[in-house]
file final26.txt (compact mmCIF, C-alpha atoms)
# COMPACT_ATOMS: atom_id res chain seq x y z
CA MET A 1 -29.10 -133.83 -7.71
CA SER A 2 -29.90 -130.66 -9.62
CA PHE A 3 -33.17 -128.88 -10.35
CA PRO A 4 -32.58 -126.84 -13.51
CA ASP A 5 -36.21 -125.66 -13.64
CA LEU A 6 -36.16 -124.10 -10.12
CA PRO A 7 -35.12 -120.59 -11.31
CA MET A 8 -37.91 -120.66 -13.86
CA ARG A 9 -40.39 -121.66 -11.17
CA ARG A 10 -39.24 -118.79 -8.97
CA LEU A 11 -39.52 -116.43 -11.92
CA GLY A 12 -43.04 -117.64 -12.59
CA MET A 13 -44.02 -117.16 -8.95
CA ALA A 14 -42.57 -113.66 -8.95
CA ALA A 15 -44.48 -112.78 -12.10
CA ALA A 16 -47.69 -114.10 -10.57
CA ALA A 17 -47.10 -112.01 -7.44
CA ILE A 18 -46.53 -108.90 -9.54
CA MET A 19 -49.70 -109.60 -11.51
CA ALA A 20 -51.69 -110.05 -8.29
CA VAL A 21 -50.47 -106.69 -6.99
CA ALA A 22 -51.36 -105.05 -10.31
CA VAL A 23 -54.84 -106.56 -10.26
CA ALA A 24 -55.36 -105.47 -6.65
CA GLY A 25 -54.23 -101.97 -7.53
CA THR A 26 -56.68 -101.84 -10.41
CA ALA A 27 -59.53 -102.99 -8.19
CA ALA A 28 -58.63 -100.46 -5.53
CA ALA A 29 -58.66 -97.68 -8.10
CA GLN A 30 -62.26 -98.43 -9.06
CA SER A 31 -65.09 -96.19 -7.98
CA MET A 32 -68.73 -97.12 -7.41
CA VAL A 33 -71.80 -94.95 -7.83
CA VAL A 34 -73.60 -95.02 -4.47
CA ARG A 35 -76.13 -92.27 -5.18
CA SER A 36 -77.34 -90.66 -8.38
CA THR A 37 -79.98 -87.99 -8.90
CA GLY A 38 -80.89 -85.65 -11.74
CA PRO A 39 -81.40 -85.98 -15.50
CA SER A 40 -78.44 -88.38 -15.90
CA ALA A 41 -79.39 -90.73 -13.06
CA SER A 42 -80.28 -93.52 -15.49
CA LYS A 43 -76.86 -93.17 -17.10
CA TYR A 44 -75.07 -93.65 -13.79
CA PRO A 45 -77.35 -95.88 -11.68
CA THR A 46 -76.46 -96.88 -8.14
CA GLY A 47 -74.00 -99.77 -8.13
CA THR A 48 -72.23 -98.77 -11.36
CA LYS A 49 -68.48 -99.55 -11.22
CA LEU A 50 -66.12 -97.07 -12.87
CA LYS A 51 -62.48 -97.56 -13.83
CA SER A 52 -59.91 -94.92 -12.95
CA THR A 53 -59.77 -93.86 -16.62
CA ASP A 54 -63.52 -93.38 -16.95
CA LYS A 55 -65.11 -89.94 -17.20
CA VAL A 56 -68.42 -88.86 -15.70
CA THR A 57 -70.31 -86.30 -17.78
CA LEU A 58 -73.11 -84.49 -15.96
CA VAL A 59 -75.64 -81.86 -16.95
CA ASN A 60 -77.25 -79.15 -14.89
CA GLY A 61 -79.20 -80.64 -11.97
CA ASP A 62 -77.13 -83.84 -11.79
CA ARG A 63 -75.56 -84.98 -8.54
CA VAL A 64 -73.56 -88.21 -8.33
CA VAL A 65 -71.86 -89.60 -5.21
CA LEU A 66 -68.93 -91.94 -5.86
CA MET A 67 -67.28 -94.25 -3.35
CA GLN A 68 -63.57 -94.99 -3.63
CA ALA A 69 -61.55 -96.87 -0.99
CA GLY A 70 -64.33 -96.45 1.55
CA LYS A 71 -64.65 -92.69 1.04
CA THR A 72 -67.09 -90.62 -0.95
CA ARG A 73 -66.77 -87.87 -3.51
CA THR A 74 -69.69 -85.80 -4.73
CA LEU A 75 -69.91 -84.59 -8.33
CA SER A 76 -72.38 -81.88 -9.33
CA GLY A 77 -73.26 -80.97 -12.91
CA PRO A 78 -72.73 -79.52 -15.32
CA GLY A 79 -69.24 -80.75 -16.15
CA THR A 80 -67.03 -83.71 -16.99
CA PHE A 81 -65.11 -85.32 -14.13
CA GLY A 82 -62.57 -88.10 -13.67
CA ALA A 83 -63.89 -91.20 -11.92
CA THR A 84 -61.22 -90.98 -9.21
CA GLY A 85 -59.88 -88.09 -7.21
CA THR A 86 -58.45 -87.03 -3.87
CA VAL A 87 -60.90 -87.25 -0.99
CA GLN A 88 -60.39 -85.76 2.47
CA VAL A 89 -62.34 -87.27 5.35
CA SER A 90 -62.64 -85.97 8.90
CA GLN A 91 -61.85 -88.18 11.89
CA SER A 92 -65.37 -87.73 13.27
CA MET A 93 -66.88 -88.98 10.02
CA GLY A 94 -64.67 -92.07 10.17
CA THR A 95 -65.96 -92.79 13.69
CA THR A 96 -69.54 -92.30 12.53
CA VAL A 97 -69.12 -94.76 9.66
CA THR A 98 -67.40 -97.32 11.90
CA ARG A 99 -70.33 -97.17 14.31
CA MET A 100 -72.76 -97.32 11.40
CA ILE A 101 -71.48 -100.68 10.08
CA ALA A 102 -70.72 -102.29 13.46
CA LYS A 103 -72.10 -105.81 13.76
CA SER A 104 -72.87 -105.43 17.48
CA PRO A 105 -73.79 -101.78 17.96
CA THR A 106 -74.05 -100.24 21.39
CA MET A 107 -77.55 -99.09 22.26
CA ARG A 108 -77.43 -95.46 23.27
CA SER A 109 -80.53 -93.41 23.90
CA ARG A 110 -80.55 -90.26 21.83
CA GLY A 111 -83.30 -87.71 21.73
CA GLY A 112 -84.47 -86.28 18.44
CA ALA A 113 -86.99 -83.88 19.89
CA THR A 114 -86.98 -81.03 22.37
CA ARG A 115 -89.68 -79.93 24.77
CA GLY A 116 -91.39 -76.55 24.99
CA ASP A 117 -91.62 -74.18 22.09
CA ASN A 118 -88.54 -75.51 20.28
CA PRO A 119 -89.19 -77.27 16.95
CA VAL A 120 -89.21 -81.05 16.81
CA VAL A 121 -86.19 -82.51 14.99
CA THR A 122 -87.04 -85.60 12.93
CA ASP A 123 -84.17 -85.79 10.42
CA ILE A 124 -81.86 -87.75 12.73
CA ARG A 125 -80.88 -91.07 11.19
CA ALA A 126 -80.46 -94.36 13.01
CA PRO A 127 -76.82 -94.65 14.17
CA ASN A 128 -76.40 -98.20 12.86
CA LEU A 129 -77.35 -99.95 9.61
CA TRP A 130 -78.99 -102.89 11.36
CA TYR A 131 -81.53 -100.85 13.34
CA LEU A 132 -84.92 -100.80 11.65
CA ASP A 133 -85.96 -97.15 11.41
CA TYR A 134 -89.68 -97.82 11.06
CA ARG A 135 -90.18 -94.54 9.19
CA GLU A 136 -88.36 -96.06 6.20
CA GLY A 137 -90.23 -98.44 3.94
CA GLY A 138 -88.97 -100.86 1.30
CA THR A 139 -86.54 -103.76 1.59
CA PHE A 140 -84.54 -104.03 4.81
CA CYS A 141 -81.44 -106.24 5.16
CA VAL A 142 -81.55 -108.09 8.49
CA ALA A 143 -78.24 -108.79 10.23
CA ASP A 144 -79.73 -111.05 12.92
CA PRO A 145 -83.49 -111.77 13.04
CA ALA A 146 -83.28 -112.78 16.69
CA THR A 147 -81.95 -109.39 17.80
CA LEU A 148 -83.62 -107.02 15.32
CA LEU A 149 -84.27 -103.64 16.94
CA LEU A 150 -86.86 -101.02 16.05
CA TRP A 151 -85.54 -97.45 16.25
CA ARG A 152 -87.13 -94.00 16.39
CA PRO A 153 -85.54 -90.51 16.41
CA THR A 154 -87.45 -89.28 19.47
CA MET A 155 -87.67 -90.69 22.97
CA ASP A 156 -89.86 -88.36 25.02
CA THR A 157 -93.24 -89.86 24.17
CA GLU A 158 -95.22 -93.03 24.81
CA GLU A 159 -96.38 -94.52 21.51
CA LEU A 160 -97.83 -97.71 20.08
CA LEU A 161 -96.50 -99.17 16.83
CA THR A 162 -98.88 -101.53 15.05
CA ILE A 163 -97.35 -104.34 12.97
CA GLU A 164 -99.56 -106.31 10.59
CA GLN A 165 -98.67 -109.34 8.49
CA ALA A 166 -101.02 -111.77 6.74
CA GLY A 167 -103.96 -110.76 8.94
CA LYS A 168 -102.00 -111.00 12.17
CA ILE A 169 -101.68 -107.82 14.27
CA GLU A 170 -99.19 -107.04 17.02
CA LYS A 171 -98.82 -103.78 18.95
CA VAL A 172 -95.41 -102.73 20.24
CA ALA A 173 -95.10 -100.16 23.04
CA LEU A 174 -92.39 -97.53 22.58
CA VAL A 175 -91.76 -96.19 26.08
CA ASN A 176 -90.73 -92.76 27.25
CA GLY A 177 -86.95 -92.40 27.51
CA ALA A 178 -85.98 -95.00 24.88
CA ASN A 179 -85.20 -94.90 21.17
CA PHE A 180 -85.17 -98.69 20.88
CA ARG A 181 -87.56 -101.60 21.12
CA LYS A 182 -86.92 -105.21 20.14
CA TRP A 183 -88.91 -106.58 17.21
CA PRO A 184 -91.58 -108.95 18.69
CA THR A 185 -89.97 -112.13 17.35
CA ASP A 186 -91.75 -114.31 19.90
CA VAL A 187 -95.21 -113.55 18.47
CA MET A 188 -94.30 -112.28 15.00
CA PRO A 189 -91.06 -113.91 13.75
CA VAL A 190 -89.06 -112.25 11.01
CA GLN A 191 -89.91 -113.82 7.65
CA TYR A 192 -88.13 -113.05 4.41
CA GLY A 193 -89.91 -111.89 1.29
CA VAL A 194 -93.26 -111.13 2.93
CA GLU A 195 -94.74 -107.70 3.54
CA TYR A 196 -95.21 -106.12 6.96
CA ARG A 197 -97.42 -103.05 7.41
CA LEU A 198 -96.36 -100.63 10.14
CA SER A 199 -98.62 -97.84 11.40
CA GLY A 200 -99.14 -95.57 14.38
CA ALA A 201 -96.23 -94.36 16.55
CA GLY A 202 -96.14 -90.98 14.86
CA LEU A 203 -96.21 -92.27 11.30
CA PRO A 204 -98.29 -89.96 9.07
CA THR A 205 -99.11 -92.89 6.77
CA PRO A 206 -98.51 -96.66 7.03
CA VAL A 207 -95.08 -97.96 6.03
CA ARG A 208 -94.54 -101.28 4.27
CA VAL A 209 -91.37 -103.29 4.87
CA ARG A 210 -89.94 -106.51 3.44
CA PHE A 211 -86.98 -108.27 5.02
CA ALA A 212 -84.00 -109.58 3.05
CA GLN A 213 -81.73 -112.33 4.33
CA MET A 214 -77.98 -111.86 4.62
CA ASP A 215 -75.51 -114.75 4.54
CA SER A 216 -73.05 -112.74 6.63
CA VAL A 217 -72.61 -109.20 7.92
CA PRO A 218 -69.93 -107.29 5.94
CA ASP A 219 -67.13 -105.82 8.05
CA THR A 220 -66.04 -103.15 5.56
CA VAL A 221 -67.73 -100.15 4.00
CA GLU A 222 -67.16 -101.53 0.50
CA GLY A 223 -68.64 -104.88 1.44
CA SER A 224 -71.63 -103.20 3.05
CA VAL A 225 -72.32 -101.05 -0.01
CA ASP A 226 -72.01 -104.03 -2.38
CA MET A 227 -74.40 -106.10 -0.27
CA LEU A 228 -76.98 -103.34 0.20
CA VAL A 229 -76.98 -102.60 -3.55
CA ALA A 230 -77.31 -106.30 -4.43
CA LYS A 231 -80.20 -106.84 -2.00
CA GLY A 232 -81.99 -103.62 -2.91
CA CYS A 233 -81.86 -102.26 0.66
CA SER A 234 -81.95 -98.64 -0.48
CA SER A 235 -82.92 -96.97 2.80
CA GLN A 236 -79.92 -98.51 4.57
CA LEU A 237 -77.67 -97.62 1.65
CA ASN A 238 -78.84 -94.00 1.81
CA ARG A 239 -78.19 -93.95 5.54
CA LEU A 240 -74.63 -95.21 5.03
CA VAL A 241 -73.94 -92.81 2.16
CA ASP A 242 -75.18 -89.90 4.29
CA ALA A 243 -72.74 -90.88 7.03
CA MET A 244 -69.88 -91.24 4.55
CA SER A 245 -70.67 -87.94 2.83
CA GLU A 246 -70.54 -85.77 5.95
CA GLY A 247 -66.92 -84.89 5.39
CA ASP A 248 -66.43 -85.51 1.70
CA THR A 249 -64.81 -83.02 -0.66
CA ALA A 250 -67.12 -81.92 -3.45
CA GLY A 251 -65.99 -81.32 -6.97
CA GLY A 252 -63.98 -83.08 -9.65

call {"tool": "encode", "arguments": {"input": "final26.txt", "output": "structure tokens"}}
result
Amino acid sequence: MSFPDLPMRRLGMAAAAIMAVAVAGTAAAQSMVVRSTGPSASKYPTGTKLKSTDKVTLVNGDRVVLMQAGKTRTLSGPGTFGATGTVQVSQSMGTTVTRMIAKSPTMRSRGGATRGDNPVVTDIRAPNLWYLDYREGGTFCVADPATLLLWRPTMDTEELLTIEQAGKIEKVALVNGANFRKWPTDVMPVQYGVEYRLSGAGLPTPVRVRFAQMDSVPDTVEGSVDMLVAKGCSSQLNRLVDAMSEGDTAGG
């Protein structure tokens, strides 16, 4: 018994495989805008996808950070740049980013302040995306409501953080020697789409936070960026972009 159409079927399968590789290559060559500031920010908003053939034209004062294949590239105006380019990333930056997107981060105490006459350092970022840095307001994407952790950059003081929601008030003690404290889910469960007001604990002014639900926690940088952009979790996106940009190569 013969099957005269078998070679044609194999040819069709081979063509489909070639097409799939071509499509994957095209997708991989895309860049995404992950940060945009300056006069042209509205022209290249965060989340914009660029093909490899696209050009980015910037004026003086513009600064655009592109992500390609999990790495970042910073463009500064004025000038016209290709959407893709060679990016060099240090090994330490790769480790930092891996820790940043980890689903089950390791809690490590880290001081952000020094005693005595030395200045207090407050620009340390939370080492993981899913820690709630209570200094940052806006929408926050929650990986797991049951294990949500509050984080602060210092650990050498005793402070009280006040959380208010719909007239209910809860005070959380931040103890000396720890950067972390679990969100009080037993008395104030995490609710999505409602506003929480956080005050005290070194905050100069109250911070307002809304929680966004996630169907799953992304396990790649690209997936994390896509999800944070889609949910509007800008403070976490900025934290991730900062980590990615530590070792990027500027220019076009």

call {"tool": "residues_around", "arguments": {"input": "final26.txt", "residues": "Asn176 (chain A)", "least_positions_apart": "6", "cutoff": "7 Å", "atoms": "only C-alpha atoms", "output": "compact mmCIF listing (two decimals) with C-alpha atoms, keeping the file's coordinate frame"}}
result
# COMPACT_ATOMS: atom_id res chain seq x y z
CA MET A 155 -87.67 -90.69 22.97
CA ASP A 156 -89.86 -88.36 25.02
CA THR A 157 -93.24 -89.86 24.17
CA GLU A 158 -95.22 -93.03 24.81

call {"tool": "residues_around", "arguments": {"input": "final26.txt", "residues": "Ser31 (chain A)", "least_positions_apart": "3", "cutoff": "7 Å", "atoms": "all atoms listed in the file", "output": "PDB file with C-alpha atoms, in the coordinates of the input"}}
result
ATOM      1  CA  LYS A  49     -68.480 -99.550 -11.220  1.00  0.00           C
ATOM      2  CA  LEU A  50     -66.120 -97.070 -12.870  1.00  0.00           C
ATOM      3  CA  LYS A  51     -62.480 -97.560 -13.830  1.00  0.00           C
ATOM      4  CA  LEU A  66     -68.930 -91.940  -5.860  1.00  0.00           C
ATOM      5  CA  MET A  67     -67.280 -94.250  -3.350  1.00  0.00           C
ATOM      6  CA  GLN A  68     -63.570 -94.990  -3.630  1.00  0.00           C
ATOM      7  CA  ALA A  83     -63.890 -91.200 -11.920  1.00  0.00           C
ATOM      8  CA  THR A  84     -61.220 -90.980  -9.210  1.00  0.00           C
TER       9      THR A  84
END

call {"tool": "closest_residue", "arguments": {"input": "final26.txt", "among": "A:Ser199, A:Ser235, A:Thr147, A:Thr53", "to": "Phe180 (chain A)", "atoms": "all atoms listed in the file"}}
result
A:Thr147

call {"tool": "atom_distance", "arguments": {"input": "final26.txt", "atom1": "CA of Gly138 (chain A)", "atom2": "CA of Leu75 (chain A)"}}
result
26.8 Å

call {"tool": "atom_distance", "arguments": {"input": "final26.txt", "atom1": "CA of Arg125 (chain A)", "atom2": "CA of Arg152 (chain A)"}}
result
8.6 Å

call {"tool": "residues_around", "arguments": {"input": "final26.txt", "residues": "Met227 (chain A)", "least_positions_apart": "4", "cutoff": "9 Å", "atoms": "all atoms listed in the file", "output": "PDB file with C-alpha atoms, in the coordinates of the input"}}
result
ATOM      1  CA  CYS A 141     -81.440-106.240   5.160  1.00  0.00           C
ATOM      2  CA  MET A 214     -77.980-111.860   4.620  1.00  0.00           C
ATOM      3  CA  VAL A 217     -72.610-109.200   7.920  1.00  0.00           C
ATOM      4  CA  PRO A 218     -69.930-107.290   5.940  1.00  0.00           C
ATOM      5  CA  GLU A 222     -67.160-101.530   0.500  1.00  0.00           C
ATOM      6  CA  GLY A 223     -68.640-104.880   1.440  1.00  0.00           C
ATOM      7  CA  LYS A 231     -80.200-106.840  -2.000  1.00  0.00           C
ATOM      8  CA  GLY A 232     -81.990-103.620  -2.910  1.00  0.00           C
ATOM      9  CA  CYS A 233     -81.860-102.260   0.660  1.00  0.00           C
TER      10      CYS A 233
END

call {"tool": "residues_around", "arguments": {"input": "final26.txt", "residues": "Val142 (chain A)", "least_positions_apart": "2", "cutoff": "12 Å", "atoms": "only C-alpha atoms", "output": "ChimeraX atom specification"}}
result
/A:103,128-132,139-140,144-150,183,190-193,209-218,227-228,231,233,236

call {"tool": "residues_around", "arguments": {"input": "final26.txt", "residues": "Gly38 (chain A)", "least_positions_apart": "6", "cutoff": "12 Å", "atoms": "only C-alpha atoms", "output": "CSV table (one decimal) with C-alpha atoms, in the frame of the given file"}}
result
chain,number,residue,atom,x,y,z
A,44,TYR,CA,-75.1,-93.6,-13.8
A,45,PRO,CA,-77.4,-95.9,-11.7
A,58,LEU,CA,-73.1,-84.5,-16.0
A,59,VAL,CA,-75.6,-81.9,-17.0
A,60,ASN,CA,-77.2,-79.2,-14.9
A,61,GLY,CA,-79.2,-80.6,-12.0
A,62,ASP,CA,-77.1,-83.8,-11.8
A,63,ARG,CA,-75.6,-85.0,-8.5
A,64,VAL,CA,-73.6,-88.2,-8.3
A,65,VAL,CA,-71.9,-89.6,-5.2
A,75,LEU,CA,-69.9,-84.6,-8.3
A,76,SER,CA,-72.4,-81.9,-9.3
A,77,GLY,CA,-73.3,-81.0,-12.9
A,78,PRO,CA,-72.7,-79.5,-15.3

call {"tool": "atom_distance", "arguments": {"input": "final26.txt", "atom1": "CA of Gly47 (chain A)", "atom2": "CA of Tyr134 (chain A)"}}
result
24.9 Å

call {"tool": "closest_residue", "arguments": {"input": "final26.txt", "among": "A:Gly79, A:Leu161, A:Ser42, A:Glu136", "to": "Leu237 (chain A)", "atoms": "all atoms listed in the file"}}
result
A:Glu136
